[in-house]
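final04.cif (mmCIF, C-alpha atoms and all ligand atoms) appears below.
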data_protein
#
loop_
_atom_site.label_atom_id
_atom_site.label_comp_id
_atom_site.auth_asym_id
_atom_site.auth_seq_id
_atom_site.Cartn_x
_atom_site.Cartn_y
_atom_site.Cartn_z
CA MET Q 1 0.90 43.88 28.29
CA LEU Q 2 3.85 45.50 26.57
CA LEU Q 3 3.14 46.69 23.03
CA GLY Q 4 6.02 44.50 21.73
CA SER Q 5 4.53 41.30 23.24
CA PHE Q 6 1.07 42.26 21.98
CA LEU Q 7 2.35 42.75 18.42
CA PHE Q 8 4.30 39.48 18.72
CA LEU Q 9 1.07 37.63 19.66
CA ILE Q 10 -0.83 39.21 16.76
CA THR Q 11 1.96 38.24 14.35
CA MET Q 12 1.90 34.69 15.71
CA ALA Q 13 -1.88 34.48 15.34
CA ASN Q 14 -1.63 35.77 11.77
CA ASP Q 15 1.15 33.30 11.00
CA ASN Q 16 -0.96 30.42 12.32
CA LEU Q 17 -3.96 31.61 10.34
CA GLY Q 18 -1.80 31.97 7.25
CA ALA Q 19 -0.36 28.48 7.69
CA ALA Q 20 -3.81 26.97 8.25
CA LYS Q 21 -5.17 28.76 5.21
CA LYS Q 22 -2.23 27.63 3.15
CA GLY Q 23 -2.49 24.05 4.37
CA LYS Q 24 -6.25 23.65 4.07
CA ASN Q 25 -6.07 22.58 0.44
CA ASP Q 26 -3.68 19.80 1.48
CA GLU Q 27 -6.50 18.06 3.34
CA PHE Q 28 -8.72 16.95 0.45
CA TYR Q 29 -9.71 13.30 0.80
CA THR Q 30 -10.41 11.18 -2.23
CA GLN Q 31 -13.73 9.38 -2.60
CA TRP Q 32 -13.97 5.62 -3.07
CA GLY Q 33 -15.98 5.91 -6.32
CA ASP Q 34 -13.30 8.12 -7.92
CA ILE Q 35 -10.56 5.62 -7.07
CA GLU Q 36 -12.66 2.66 -8.19
CA SER Q 37 -13.65 4.08 -11.58
CA GLU Q 38 -10.12 5.30 -12.34
CA VAL Q 39 -8.46 2.01 -11.42
CA ALA Q 40 -11.04 0.17 -13.56
CA ALA Q 41 -9.64 1.91 -16.66
CA TYR Q 42 -6.12 0.53 -16.06
CA LEU Q 43 -7.46 -2.95 -15.35
CA GLU Q 44 -9.52 -2.83 -18.51
CA TYR Q 45 -6.38 -2.06 -20.51
CA ASN Q 46 -4.24 -4.64 -18.65
CA PRO Q 47 -6.00 -7.00 -16.21
CA ASP Q 48 -2.59 -7.87 -14.68
CA VAL Q 49 -1.47 -4.29 -14.15
CA PHE Q 50 -1.22 -4.78 -10.36
CA ARG Q 51 -0.39 -8.51 -10.28
CA GLY Q 52 2.64 -9.36 -8.16
CA LYS Q 53 3.24 -5.67 -7.46
CA THR Q 54 4.04 -3.73 -4.30
CA ILE Q 55 1.91 -0.60 -4.04
CA LEU Q 56 2.91 2.33 -1.84
CA LEU Q 57 0.23 4.83 -0.77
CA PRO Q 58 2.18 7.76 0.74
CA CYS Q 59 0.58 10.93 2.22
CA ASP Q 60 -2.40 8.86 3.25
CA ASP Q 61 -4.47 8.50 6.41
CA PRO Q 62 -4.61 4.71 6.40
CA GLU Q 63 -7.19 4.17 9.16
CA TRP Q 64 -9.88 5.74 7.07
CA SER Q 65 -8.41 6.63 3.70
CA ASN Q 66 -10.33 5.24 0.77
CA PHE Q 67 -7.04 4.47 -1.01
CA THR Q 68 -5.96 2.09 1.74
CA LYS Q 69 -9.44 0.57 2.08
CA PHE Q 70 -9.84 0.14 -1.67
CA PHE Q 71 -6.51 -1.57 -2.32
CA ALA Q 72 -6.73 -3.66 0.86
CA GLN Q 73 -10.21 -4.90 -0.06
CA ASN Q 74 -9.02 -5.74 -3.58
CA PHE Q 75 -5.67 -7.20 -2.51
CA GLU Q 76 -6.46 -10.69 -3.79
CA THR Q 77 -8.58 -9.67 -6.78
CA PHE Q 78 -5.72 -7.53 -8.08
CA GLY Q 79 -3.11 -10.16 -7.15
CA LEU Q 80 -1.02 -7.69 -5.12
CA LYS Q 81 2.24 -8.78 -3.54
CA LYS Q 82 2.28 -6.12 -0.82
CA LEU Q 83 0.42 -2.95 0.14
CA ILE Q 84 2.16 -0.22 2.14
CA SER Q 85 0.41 2.92 3.28
CA THR Q 86 1.96 5.78 5.25
CA SER Q 87 0.45 8.75 7.04
CA TYR Q 88 1.69 12.17 8.06
CA ALA Q 89 1.87 13.04 11.78
CA PRO Q 90 -1.11 15.14 12.96
CA GLU Q 91 1.25 17.66 14.58
CA SER Q 92 3.16 18.18 11.34
CA LYS Q 93 0.04 19.03 9.30
CA LYS Q 94 -0.29 22.68 8.36
CA PHE Q 95 -4.06 22.60 8.74
CA LYS Q 96 -4.75 22.06 12.42
CA GLU Q 97 -7.93 20.36 13.55
CA PRO Q 98 -8.82 18.47 16.73
CA TYR Q 99 -7.08 15.10 16.57
CA ILE Q 100 -8.81 11.94 17.79
CA PRO Q 101 -6.92 8.68 17.15
CA SER Q 102 -8.99 5.85 15.70
CA LEU Q 103 -10.12 2.83 17.74
CA PHE Q 104 -8.03 0.69 15.40
CA GLU Q 105 -4.95 2.55 16.66
CA THR Q 106 -5.80 2.92 20.36
CA GLU Q 107 -6.91 -0.69 20.82
CA ALA Q 108 -3.68 -2.12 19.44
CA PRO Q 109 -0.95 -3.12 21.96
CA GLN Q 110 1.60 -0.89 20.22
CA TYR Q 111 -0.54 2.27 20.71
CA ASN Q 112 1.56 5.20 21.94
CA PRO Q 113 -0.38 8.42 22.70
CA ASP Q 114 2.67 10.64 22.10
CA LYS Q 115 3.84 9.02 18.89
CA SER Q 116 0.24 9.05 17.70
CA LYS Q 117 0.54 12.84 17.40
CA THR Q 118 4.18 13.33 16.46
CA ASN Q 119 4.99 10.34 14.25
CA GLY Q 120 3.71 9.11 10.95
CA LYS Q 121 2.31 5.60 10.73
CA ILE Q 122 2.97 2.76 8.36
CA PHE Q 123 0.34 0.14 7.50
CA VAL Q 124 1.44 -3.02 5.77
CA LEU Q 125 -0.67 -5.76 4.18
CA GLU Q 126 0.95 -8.87 2.82
CA ARG Q 127 -0.34 -11.93 4.71
CA ASP Q 128 -3.43 -13.44 6.25
CA ILE Q 129 -3.09 -12.57 9.95
CA THR Q 130 -6.67 -13.30 10.99
CA GLY Q 131 -6.43 -16.81 9.54
CA ASP Q 132 -9.75 -16.51 7.72
CA GLY Q 133 -8.16 -17.72 4.49
CA THR Q 134 -8.15 -14.33 2.70
CA ILE Q 135 -5.93 -11.28 2.75
CA ASN Q 136 -7.98 -8.12 3.19
CA TYR Q 137 -8.42 -4.94 5.21
CA GLN Q 138 -8.56 -6.89 8.50
CA ASP Q 139 -4.99 -8.10 7.97
CA LEU Q 140 -3.45 -4.63 7.92
CA GLU Q 141 -0.70 -4.23 10.52
CA TYR Q 142 0.41 -0.84 11.76
CA SER Q 143 3.44 0.61 13.49
CA TYR Q 144 4.88 4.07 14.01
CA LEU Q 145 7.44 5.49 11.64
CA ASP Q 146 10.61 6.90 13.20
CA GLY Q 147 9.78 10.36 11.80
CA ASP Q 148 6.61 12.26 10.91
CA GLY Q 149 5.90 10.43 7.64
CA ASP Q 150 7.04 13.27 5.39
CA PHE Q 151 7.27 11.71 1.94
CA ARG Q 152 10.71 13.31 1.53
CA SER Q 153 12.13 11.56 4.63
CA ALA Q 154 14.72 8.82 4.20
CA GLU Q 155 12.38 6.15 5.59
CA VAL Q 156 9.45 6.92 3.25
CA THR Q 157 11.89 7.32 0.35
CA LYS Q 158 13.17 3.81 1.11
CA LEU Q 159 9.57 2.54 0.88
CA ARG Q 160 9.22 4.37 -2.43
CA ASP Q 161 12.27 2.53 -3.73
CA GLU Q 162 10.86 -0.81 -2.60
CA ALA Q 163 7.50 -0.19 -4.34
CA ASP Q 164 6.55 -0.85 -7.96
CA ILE Q 165 3.64 1.58 -8.06
CA ILE Q 166 3.00 4.76 -6.06
CA ILE Q 167 -0.58 5.95 -5.74
CA THR Q 168 -1.97 8.94 -3.85
CA ASN Q 169 -3.58 12.34 -3.81
CA PRO Q 170 -0.48 14.32 -2.73
CA PRO Q 171 -0.60 17.54 -0.69
CA PHE Q 172 -1.59 20.36 -3.01
CA SER Q 173 1.03 22.76 -1.57
CA LEU Q 174 3.87 20.29 -2.29
CA PHE Q 175 2.79 19.09 -5.72
CA ARG Q 176 6.02 20.06 -7.50
CA GLU Q 177 8.19 18.49 -4.79
CA PHE Q 178 6.06 15.37 -4.78
CA VAL Q 179 6.43 14.90 -8.55
CA ALA Q 180 10.19 15.51 -8.35
CA TRP Q 181 10.37 12.85 -5.59
CA LEU Q 182 8.39 10.43 -7.77
CA MET Q 183 10.52 11.04 -10.84
CA GLU Q 184 13.77 10.43 -8.95
CA ALA Q 185 12.64 6.83 -8.49
CA ASP Q 186 11.40 6.07 -12.00
CA LYS Q 187 8.36 4.10 -10.78
CA LYS Q 188 4.82 3.66 -12.07
CA PHE Q 189 2.47 6.16 -10.46
CA LEU Q 190 -1.12 7.32 -10.27
CA ILE Q 191 -1.69 10.66 -8.53
CA ILE Q 192 -4.22 13.48 -8.41
CA GLY Q 193 -3.31 16.92 -9.72
CA ASN Q 194 -4.76 20.04 -11.25
CA ILE Q 195 -4.69 21.34 -14.81
CA ASN Q 196 -2.80 24.45 -13.68
CA ALA Q 197 0.15 22.20 -12.87
CA ILE Q 198 0.47 21.22 -16.53
CA THR Q 199 2.11 24.56 -17.32
CA TYR Q 200 4.67 24.38 -14.46
CA LYS Q 201 8.17 24.26 -15.81
CA GLU Q 202 8.85 21.18 -13.65
CA ILE Q 203 5.77 19.32 -14.94
CA PHE Q 204 5.30 20.30 -18.59
CA PRO Q 205 8.50 18.62 -19.89
CA LEU Q 206 7.28 15.34 -18.36
CA ILE Q 207 4.00 15.63 -20.28
CA MET Q 208 5.80 16.65 -23.46
CA HIS Q 209 8.15 13.68 -23.29
CA ASN Q 210 5.37 11.20 -22.46
CA LYS Q 211 6.70 10.51 -18.98
CA MET Q 212 3.38 11.61 -17.47
CA TRP Q 213 -0.08 11.81 -19.00
CA THR Q 214 -3.61 12.47 -17.90
CA GLY Q 215 -5.54 9.58 -16.45
CA CYS Q 216 -8.98 8.50 -17.48
CA ARG Q 217 -10.73 11.29 -15.59
CA PHE Q 218 -9.07 14.68 -15.79
CA ASN Q 219 -10.59 18.18 -15.87
CA ARG Q 220 -14.02 16.70 -16.50
CA ARG Q 221 -17.38 17.17 -14.83
CA VAL Q 222 -19.25 13.97 -14.11
CA GLY Q 223 -22.95 14.20 -13.22
CA GLY Q 224 -22.60 17.98 -13.48
CA LYS Q 225 -19.81 18.09 -10.87
CA ASN Q 226 -16.08 18.58 -10.88
CA MET Q 227 -14.06 15.98 -8.98
CA THR Q 228 -15.23 16.20 -5.38
CA PHE Q 229 -13.25 15.57 -2.19
CA GLN Q 230 -14.17 15.18 1.44
CA VAL Q 231 -12.67 17.89 3.68
CA PRO Q 232 -12.10 18.01 7.47
CA ASP Q 233 -15.07 18.88 9.71
CA SER Q 234 -13.39 22.16 10.67
CA TYR Q 235 -12.80 23.20 7.04
CA PRO Q 236 -14.04 26.80 6.58
CA MET Q 237 -17.27 26.78 4.57
CA THR Q 238 -16.65 29.55 2.06
CA GLY Q 239 -16.99 29.36 -1.72
CA THR Q 240 -19.65 28.00 -3.99
CA GLU Q 241 -18.09 24.60 -4.56
CA LEU Q 242 -18.50 23.49 -0.93
CA TYR Q 243 -21.45 21.51 0.43
CA VAL Q 244 -22.44 19.39 3.41
CA ASP Q 245 -24.26 16.07 2.91
CA ASP Q 246 -27.15 14.84 5.07
CA LYS Q 247 -24.69 13.14 7.48
CA GLY Q 248 -22.88 16.45 8.04
CA THR Q 249 -19.80 15.47 6.01
CA LYS Q 250 -18.20 18.36 4.15
CA PHE Q 251 -17.18 18.15 0.50
CA ILE Q 252 -15.48 20.42 -2.00
CA SER Q 253 -15.59 20.21 -5.81
CA VAL Q 254 -12.42 21.36 -7.51
CA ALA Q 255 -12.42 22.51 -11.15
CA GLY Q 256 -9.66 21.23 -13.42
CA THR Q 257 -8.72 18.33 -11.17
CA GLY Q 258 -8.07 14.73 -12.12
CA TRP Q 259 -5.58 11.90 -12.40
CA LEU Q 260 -2.03 12.05 -13.72
CA THR Q 261 -0.14 8.86 -14.39
CA ASN Q 262 2.41 6.92 -16.38
CA ILE Q 263 0.28 3.76 -16.45
CA GLU Q 264 -1.30 2.89 -19.79
CA HIS Q 265 -5.06 3.14 -20.34
CA GLY Q 266 -7.23 2.96 -23.43
CA HIS Q 267 -8.60 6.51 -23.44
CA ARG Q 268 -5.11 7.84 -24.15
CA HIS Q 269 -4.91 6.04 -27.47
CA GLN Q 270 -8.22 7.25 -28.89
CA PRO Q 271 -7.55 9.86 -31.60
CA ILE Q 272 -9.65 13.03 -31.56
CA PRO Q 273 -12.14 13.01 -34.48
CA LEU Q 274 -11.23 16.10 -36.51
CA MET Q 275 -12.10 17.89 -39.77
CA SER Q 276 -9.65 19.12 -42.39
CA MET Q 277 -8.58 22.76 -42.37
CA ALA Q 278 -10.79 23.59 -45.37
CA ASP Q 279 -13.83 21.98 -43.71
CA ASN Q 280 -13.18 23.75 -40.42
CA LEU Q 281 -13.01 27.12 -42.17
CA LYS Q 282 -16.29 26.33 -43.91
CA PHE Q 283 -18.30 24.37 -41.35
CA SER Q 284 -16.77 24.76 -37.86
CA LYS Q 285 -19.35 25.23 -35.11
CA HIS Q 286 -17.11 28.00 -33.74
CA LYS Q 287 -17.85 31.44 -35.18
CA GLU Q 288 -14.21 32.38 -34.49
CA ILE Q 289 -13.16 29.89 -37.20
CA ARG Q 290 -16.13 29.53 -39.56
CA GLY Q 291 -16.01 31.86 -42.56
CA LYS Q 292 -12.38 32.96 -42.05
CA ALA Q 293 -9.93 32.82 -44.94
CA ALA Q 294 -7.27 31.13 -42.77
CA TYR Q 295 -6.33 30.31 -39.16
CA ASP Q 296 -4.56 33.17 -37.37
CA ARG Q 297 -0.79 32.91 -37.14
CA TYR Q 298 1.09 34.06 -34.02
CA ASP Q 299 3.29 37.12 -34.20
CA ASN Q 300 5.99 35.61 -31.93
CA TYR Q 301 5.82 31.85 -32.62
CA ASP Q 302 5.98 29.99 -35.91
CA ALA Q 303 2.58 28.38 -35.35
CA ILE Q 304 -1.12 28.87 -36.02
CA GLU Q 305 -3.63 29.68 -33.29
CA VAL Q 306 -6.28 27.01 -32.75
CA PRO Q 307 -8.56 28.35 -30.02
CA PHE Q 308 -10.60 25.12 -29.59
CA THR Q 309 -9.40 21.52 -29.43
CA ASP Q 310 -12.21 20.34 -31.71
CA ALA Q 311 -11.13 22.90 -34.32
CA ILE Q 312 -7.65 21.38 -34.77
CA PRO Q 313 -7.29 20.87 -38.54
CA SER Q 314 -6.59 17.20 -39.23
CA ASP Q 315 -4.38 17.88 -42.27
CA TYR Q 316 -2.17 20.76 -41.09
CA THR Q 317 1.44 19.63 -40.75
CA GLY Q 318 2.97 22.72 -39.11
CA VAL Q 319 2.99 23.67 -35.41
CA MET Q 320 -0.38 24.56 -33.82
CA GLY Q 321 -1.10 26.34 -30.53
CA VAL Q 322 -4.01 24.64 -28.74
CA PRO Q 323 -5.71 25.30 -25.38
CA ILE Q 324 -4.27 23.59 -22.28
CA SER Q 325 -7.51 21.56 -22.02
CA PHE Q 326 -6.26 19.66 -25.10
CA ILE Q 327 -4.14 17.63 -22.71
CA ASP Q 328 -7.00 15.36 -21.71
CA LYS Q 329 -7.63 14.45 -25.36
CA TYR Q 330 -3.99 14.06 -26.33
CA CYS Q 331 -3.31 10.83 -28.19
CA PRO Q 332 0.45 10.31 -28.72
CA GLU Q 333 -0.14 8.39 -31.96
CA GLN Q 334 -2.03 11.37 -33.41
CA PHE Q 335 0.08 14.35 -32.27
CA GLU Q 336 3.42 15.17 -30.75
CA ILE Q 337 3.75 17.94 -28.20
CA VAL Q 338 6.59 20.28 -29.13
CA GLY Q 339 6.32 23.06 -26.55
CA ILE Q 340 4.19 25.52 -24.64
CA THR Q 341 3.83 29.29 -24.98
CA GLU Q 342 4.92 30.10 -21.44
CA ARG Q 343 7.91 32.23 -20.59
CA GLY Q 344 10.76 30.12 -19.29
CA ASN Q 345 9.33 27.00 -20.91
CA GLU Q 346 9.61 27.76 -24.64
CA PHE Q 347 11.77 24.98 -26.02
CA GLY Q 348 13.27 27.33 -28.61
CA LEU Q 349 10.06 27.79 -30.60
CA ARG Q 350 9.67 31.50 -30.07
CA THR Q 351 10.52 33.58 -33.13
CA LYS Q 352 10.39 37.06 -31.67
CA VAL Q 353 11.24 38.71 -28.36
CA TYR Q 354 9.63 42.14 -27.81
CA THR Q 355 11.65 45.00 -26.34
CA LYS Q 356 10.86 48.31 -24.69
CA SER Q 357 10.92 49.99 -28.09
CA ASP Q 358 7.93 47.86 -29.24
CA SER Q 359 5.65 48.83 -26.34
CA PRO Q 360 5.67 49.47 -22.59
CA LYS Q 361 3.72 46.16 -22.44
CA TYR Q 362 6.63 44.26 -23.98
CA SER Q 363 7.25 42.14 -20.89
CA ASP Q 364 3.61 40.92 -20.78
CA TRP Q 365 3.76 40.16 -24.48
CA ASN Q 366 6.87 38.05 -23.96
CA CYS Q 367 5.00 35.87 -21.44
CA ARG Q 368 2.75 34.24 -24.00
CA ALA Q 369 1.94 33.82 -27.68
CA THR Q 370 0.61 36.97 -29.36
CA LEU Q 371 -1.57 37.74 -32.36
CA LEU Q 372 -1.35 40.86 -34.48
CA ILE Q 373 -4.96 41.85 -35.12
CA ASP Q 374 -5.87 45.20 -36.78
CA ASP Q 375 -2.31 46.40 -36.13
CA LYS Q 376 -2.67 45.68 -32.40
CA ILE Q 377 -0.87 42.97 -30.41
CA GLN Q 378 -3.15 40.66 -28.41
CA SER Q 379 -1.81 38.20 -25.87
CA VAL Q 380 -3.25 34.69 -26.05
CA TYR Q 381 -3.76 32.50 -22.95
CA ALA Q 382 -1.14 29.71 -22.53
CA ARG Q 383 -1.17 27.31 -25.47
CA ILE Q 384 0.32 23.86 -25.90
CA LEU Q 385 2.23 23.63 -29.17
CA ILE Q 386 1.55 20.43 -31.09
CA ARG Q 387 2.31 18.92 -34.47
CA LYS Q 388 0.50 16.17 -36.36
CA LYS Q 389 2.32 12.84 -36.32
CA ALA Q 390 3.46 11.76 -39.78
C1 LIG C 1 -4.72 15.76 -0.41
S1 LIG C 1 -4.57 14.87 1.10
C2 LIG C 1 -4.90 13.28 0.55
C3 LIG C 1 -5.04 12.25 1.59
C4 LIG C 1 -5.34 10.85 1.04
N1 LIG C 1 -4.22 10.39 0.22
C5 LIG C 1 -6.60 10.86 0.21
O1 LIG C 1 -6.53 11.07 -0.99
O2 LIG C 1 -7.68 10.71 0.77
C6 LIG C 1 -2.79 14.92 1.32
C7 LIG C 1 -2.32 14.39 2.66
O3 LIG C 1 -0.90 14.55 2.71
C8 LIG C 1 -0.54 15.06 4.01
N2 LIG C 1 0.75 15.77 3.91
C9 LIG C 1 0.98 17.10 3.89
N3 LIG C 1 2.30 17.34 3.79
C10 LIG C 1 2.91 16.13 3.74
C11 LIG C 1 4.26 15.71 3.65
N4 LIG C 1 5.26 16.61 3.58
N5 LIG C 1 4.54 14.39 3.61
C12 LIG C 1 3.54 13.49 3.69
N6 LIG C 1 2.23 13.82 3.77
C13 LIG C 1 1.92 15.13 3.79
C14 LIG C 1 -1.71 15.95 4.37
O4 LIG C 1 -1.73 16.21 5.76
C15 LIG C 1 -2.89 15.12 3.86
O5 LIG C 1 -3.28 14.20 4.82
#

Starting from the coordinates I provided, produce the structure as structure tokens.
Ligand SMILES: C[S@@+](CC[C@H](N)C(=O)[O-])C[C@H]1O[C@@H](n2cnc3c(N)ncnc32)[C@H](O)[C@@H]1O
Amino acid sequence: MLLGSFLFLITMANDNLGAAKKGKNDEFYTQWGDIESEVAAYLEYNPDVFRGKTILLPCDDPEWSNFTKFFAQNFETFGLKKLISTSYAPESKKFKEPYIPSLFETEAPQYNPDKSKTNGKIFVLERDITGDGTINYQDLEYSYLDGDGDFRSAEVTKLRDEADIIITNPPFSLFREFVAWLMEADKKFLIIGNINAITYKEIFPLIMHNKMWTGCRFNRRVGGKNMTFQVPDSYPMTGTELYVDDKGTKFISVAGTGWLTNIEHGHRHQPIPLMSMADNLKFSKHKEIRGKAAYDRYDNYDAIEVPFTDAIPSDYTGVMGVPISFIDKYCPEQFEIVGITERGNEFGLRTKVYTKSDSPKYSDWNCRATLLIDDKIQSVYARILIRKKA
């Protein structure tokens, strides 16, 4: 073999490996219990939240997705008008695994072995086809989409526009694009995301302006575990957060993960119980606060540093920098979010920009909030800037 062809093959193999590696985090499947307990929180707040509504579940795998099963089984209980679920073509997925169509697909008269691989599918539920007097999972009808089911395609976008509520666990690698696509339509949504996304310049303004908030479960361990997803059988078993159950099904637990939404729920309106500044300085359980004369003030933002959410002083009226994990406890009646200490996302709250003459580290310092301690600048991890509501 010529050296050129050999190198070409190696490059191709590496590209495929790279693509598979990149795409593997897109194939995390949501568990029934996580959907059920999250949806319960919205129903508790408003029992009619889904009544008369059309729900779209994009980026799904309707034959076996728990999203499709869950909403189909509860179609009548929730009073849905219509359920639409779409899938992405197996050949378009970045993470390649052996593809076996389901019996549900192959036994239907419209089954097409070619389209099964190259086209997305659409499942619709809106009427009692079996004639058993109820509308449920058995009444789902499927057909092939014209394209591969990419959520950005014109045909899935049209379904988005028809829907009232969009619910899914979107592909991890396209999270920003997915949220932009959602926002274009101004619909209700319930999606799964990660806490790291909060700081993205495309996402943070939505949180700040109360266009998106954390759901009931976000960045929280339950039963000692982070939110856990099923992964494909061929998923590489590396890392401590992976395990196989006694049926051989693989799962992965992902730190910082949870629900993001613009649907109201009660947890969001529960204020954080807090102590006054004087009490925190005297009694805080955190040694970093207890016994100090005052909270530290940033060198480059007009705000105080509050390193723990439970150490937010209840009576301070200025701007406070709090950890990103505050987001799950944020109650819009208690605080307003005024910014974040991330370069490119400052909202005009920065009071100082360092230059070369300050230090060779000036560029790093400009990325975040800083503290001047013992005449030395210390960078602080990303902080959300908040202010007490009057
Ligand atoms: C995180 S998984 C979630 C699947 C399912 N919604 C669930 O939660 O069980 C995301 C799915 O989106 C698919 N996907 C990847 N890129 C996509 C795209 N551009 N458009 C639509 N779906 C896509 C993936 O192949 C994967 O099946």

Exercise for the section: Go through Q:Ala311, Q:Cys331, Q:Ile386, Q:Leu349 one by one, measure the shortest atom-to-atom distance of each to Lys282 in chain Q using all atoms listed in the file, and give the residue with the smallest value. Expected result: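 Answer, going by the shortest atom-to-atom distance: Q:Ala311.
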
Practice task
Determine, counting all atoms listed in the file, which protein, DNA and RNA residues have an atom within 7 Å of an atom of Gln334 in chain Q; residues of the same chain fewer than 4 positions away are not included. Present the result as number ranges by chain.
Solution key: Q: 271, 388-389

Using 9 Å as the limit and counting all atoms listed in the file, can you tabulate each residue of chain Q that touches ligand LIG 1 (chain C), with its shortest atom-to-atom distance in Å and the two atoms involved, as CSV?
residue,atom,partner,partner_atom,distance
Q:Gly23,CA,C:LIG1,C9,7.8
Q:Lys24,CA,C:LIG1,O4,8.9
Q:Asn25,CA,C:LIG1,C1,7.0
Q:Asp26,CA,C:LIG1,C1,4.6
Q:Glu27,CA,C:LIG1,S1,4.3
Q:Phe28,CA,C:LIG1,C1,4.3
Q:Tyr29,CA,C:LIG1,O2,3.3
Q:Thr30,CA,C:LIG1,O1,4.1
Q:Gln31,CA,C:LIG1,O2,7.1
Q:Trp32,CA,C:LIG1,O2,9.0
Q:Leu57,CA,C:LIG1,N1,7.2
Q:Pro58,CA,C:LIG1,C12,6.6
Q:Cys59,CA,C:LIG1,N6,3.7
Q:Asp60,CA,C:LIG1,N1,3.9
Q:Asp61,CA,C:LIG1,C4,5.9
Q:Pro62,CA,C:LIG1,C4,8.2
Q:Trp64,CA,C:LIG1,O2,8.3
Q:Ser65,CA,C:LIG1,O2,5.1
Q:Asn66,CA,C:LIG1,O2,6.1
Q:Phe67,CA,C:LIG1,C5,6.5
Q:Thr68,CA,C:LIG1,N1,8.6
Q:Thr86,CA,C:LIG1,C12,8.0
Q:Ser87,CA,C:LIG1,N6,6.3
Q:Tyr88,CA,C:LIG1,N6,4.6
Q:Ala89,CA,C:LIG1,O4,7.7
Q:Pro90,CA,C:LIG1,O4,7.3
Q:Ser92,CA,C:LIG1,N3,7.6
Q:Lys93,CA,C:LIG1,O4,4.9
Q:Lys94,CA,C:LIG1,O4,7.1
Q:Phe95,CA,C:LIG1,O4,7.4
Q:Gly120,CA,C:LIG1,C12,8.5
Q:Asp148,CA,C:LIG1,N5,7.9
Q:Gly149,CA,C:LIG1,C12,5.5
Q:Asp150,CA,C:LIG1,N5,3.3
Q:Phe151,CA,C:LIG1,N5,4.2
Q:Arg152,CA,C:LIG1,N5,6.6
Q:Ser153,CA,C:LIG1,N5,8.2
Q:Val156,CA,C:LIG1,C12,8.8
Q:Ile167,CA,C:LIG1,N1,8.3
Q:Thr168,CA,C:LIG1,N1,4.9
Q:Asn169,CA,C:LIG1,O1,4.3
Q:Pro170,CA,C:LIG1,C6,4.7
Q:Pro171,CA,C:LIG1,C6,4.0
Q:Phe172,CA,C:LIG1,C1,6.1
Q:Ser173,CA,C:LIG1,N3,7.7
Q:Leu174,CA,C:LIG1,N3,6.9
Q:Phe178,CA,C:LIG1,N4,8.5
Q:Ile191,CA,C:LIG1,O1,9.0
Q:Ile192,CA,C:LIG1,O1,8.1
Q:Phe229,CA,C:LIG1,O2,8.0
Q:Gln230,CA,C:LIG1,O2,7.9

Exercise for the section: Write out as JSON, numbers by chain the residues lying within 12 Å of Ala108 in chain Q, counting all atoms listed in the file and excluding same-chain residues fewer than 5 positions away. Expected result: {"Q": [101, 102, 103, 113, 116, 140, 141, 142, 143, 144]}

Handout entry: Residue nearest Asn262 in chain Q among Q:Ile304, Q:Glu241, Q:Ser325, Q:Phe189 (counting all atoms listed in the file)
Key = Q:Phe189

Problem - Near-range 290-293 of chain Q list (9 Å; all atoms listed in the file; drop same-chain fewer than 5 positions) as a PyMOL selection string - result: chain Q and resi 279-285
